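Note sheet for the following structure.
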Amino acid sequence: LVAFVLHVRRVAMKHAFDAADIIAMEQTPIWADMVSATKVDDTGKKTVSVKTTGYEKFHILVCLAAKADGTKVPPFIVFKATKREVVIAMDKEIKNCHIASSPNAWMNTELTLSWVNKVLGTFSFRRRYLVWDSYECHIEDSVKSSLNAKNIEVSIVPGGSAK
């Protein structure tokens, strides 16, 4: 982890990136109902009922990013829905959020490219630096090409570093 932090610092110094041009991105699922693994009931009972809302498997994915100067980047929210349902949701879109969908509410290459275009933007006069994890769609050639075309340097956080 220390070697990676030093690597990021060397790249930032080499290209003289401003703090506003260094971006870190992470995606995380948000569960609608998180059922506890701990159940409490009378001693000796053979069955224990657990009350849930019925949404314990429903989640959305939120891609959050921030710049090194502390500026928050607009969130990118992925729902498990059809494109038609997302179009309806976009009519009521939350200010400064980008909404998308996938069949399983996880990122894929198409959504990653959409995140790059909508959130990072298609044009900048300055070179930028993106730090993100090694999720499979982050390291695909089409995504790398898109970032390269936008003059965005990338570093991949080594697996297991976030624990």
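Identifiers in this document derive from the order of the structure tokens: chains are assigned A, B, ..., residues are numbered from 1 separately in each chain, and ligands are numbered from 1 in order of occurrence.
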
>> With only C-alpha atoms as the counted atoms, please give the residues lying no more than 7 Å from A:Ile156, apart from itself and same-chain residues fewer than 5 positions off, as a PyMOL selection string.
In response: chain A and resi 131-134

> Skipping near chain neighbours, those fewer than 4 positions away, what residues fall within 10 Å of A:Val154 using only C-alpha atoms, listed as number ranges by chain?
Replying inline: A: 8, 11, 22-24, 128-132, 138-139, 144, 147-148

> Excluding same-chain residues fewer than 5 positions from A:Lys80, what lies within 8 Å of it counting only C-alpha atoms, as a VMD selection string?
Replying inline: chain A and resid 59 to 60 101 to 106

Those selected residues, please, written with all heavy atoms and delivered as a compact mmCIF listing (two decimals), in the first residue's frame.
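Here's the written file result-v5.txt:
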```
# COMPACT_ATOMS: atom_id res chain seq x y z
N HIS A 59 -30.66 -3.91 -4.40
CA HIS A 59 -29.62 -2.91 -4.18
C HIS A 59 -29.50 -2.00 -5.38
O HIS A 59 -30.00 -2.30 -6.46
CB HIS A 59 -28.26 -3.57 -3.89
CG HIS A 59 -27.62 -4.17 -5.10
ND1 HIS A 59 -27.91 -5.43 -5.56
CD2 HIS A 59 -26.70 -3.67 -5.96
CE1 HIS A 59 -27.21 -5.68 -6.65
NE2 HIS A 59 -26.45 -4.63 -6.91
N ILE A 60 -28.84 -0.87 -5.17
CA ILE A 60 -28.43 0.00 -6.25
C ILE A 60 -26.91 0.12 -6.12
O ILE A 60 -26.34 -0.16 -5.06
CB ILE A 60 -29.09 1.40 -6.18
CG1 ILE A 60 -28.73 2.12 -4.87
CG2 ILE A 60 -30.59 1.28 -6.35
CD1 ILE A 60 -29.20 3.55 -4.82
N SER A 101 -28.84 2.23 -15.75
CA SER A 101 -29.35 0.93 -15.32
C SER A 101 -28.55 -0.18 -15.97
O SER A 101 -27.90 0.01 -16.99
CB SER A 101 -30.82 0.77 -15.70
OG SER A 101 -30.96 0.59 -17.09
N SER A 102 -28.63 -1.33 -15.34
CA SER A 102 -28.08 -2.55 -15.91
C SER A 102 -28.97 -3.69 -15.42
O SER A 102 -29.71 -3.53 -14.45
CB SER A 102 -26.63 -2.77 -15.48
OG SER A 102 -26.54 -3.17 -14.14
N PRO A 103 -28.93 -4.83 -16.09
CA PRO A 103 -29.81 -5.94 -15.71
C PRO A 103 -29.62 -6.41 -14.27
O PRO A 103 -30.55 -6.90 -13.65
CB PRO A 103 -29.45 -7.05 -16.69
CG PRO A 103 -28.79 -6.37 -17.83
CD PRO A 103 -28.14 -5.14 -17.28
N ASN A 104 -28.42 -6.25 -13.72
CA ASN A 104 -28.16 -6.73 -12.37
C ASN A 104 -27.71 -5.64 -11.40
O ASN A 104 -27.28 -5.92 -10.30
CB ASN A 104 -27.11 -7.84 -12.41
CG ASN A 104 -25.82 -7.38 -13.07
OD1 ASN A 104 -25.67 -6.21 -13.42
ND2 ASN A 104 -24.89 -8.29 -13.24
N ALA A 105 -27.81 -4.39 -11.81
CA ALA A 105 -27.42 -3.22 -10.99
C ALA A 105 -25.93 -3.22 -10.65
O ALA A 105 -25.52 -2.75 -9.60
CB ALA A 105 -28.27 -3.12 -9.73
N TRP A 106 -25.10 -3.75 -11.55
CA TRP A 106 -23.65 -3.69 -11.39
C TRP A 106 -23.08 -2.96 -12.59
O TRP A 106 -23.69 -2.90 -13.66
CB TRP A 106 -23.04 -5.09 -11.29
CG TRP A 106 -23.47 -5.83 -10.06
CD1 TRP A 106 -24.34 -6.88 -10.00
CD2 TRP A 106 -23.09 -5.57 -8.71
NE1 TRP A 106 -24.51 -7.29 -8.70
CE2 TRP A 106 -23.75 -6.50 -7.89
CE3 TRP A 106 -22.25 -4.63 -8.11
CZ2 TRP A 106 -23.61 -6.53 -6.51
CZ3 TRP A 106 -22.10 -4.67 -6.74
CH2 TRP A 106 -22.77 -5.61 -5.95
```

> If you measure from atom CA of A:Lys118 to atom CA of A:Met13, what distance in Å do you get, rounded to one decimal?
Replying inline: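 A separation of 27.2 Å between them.
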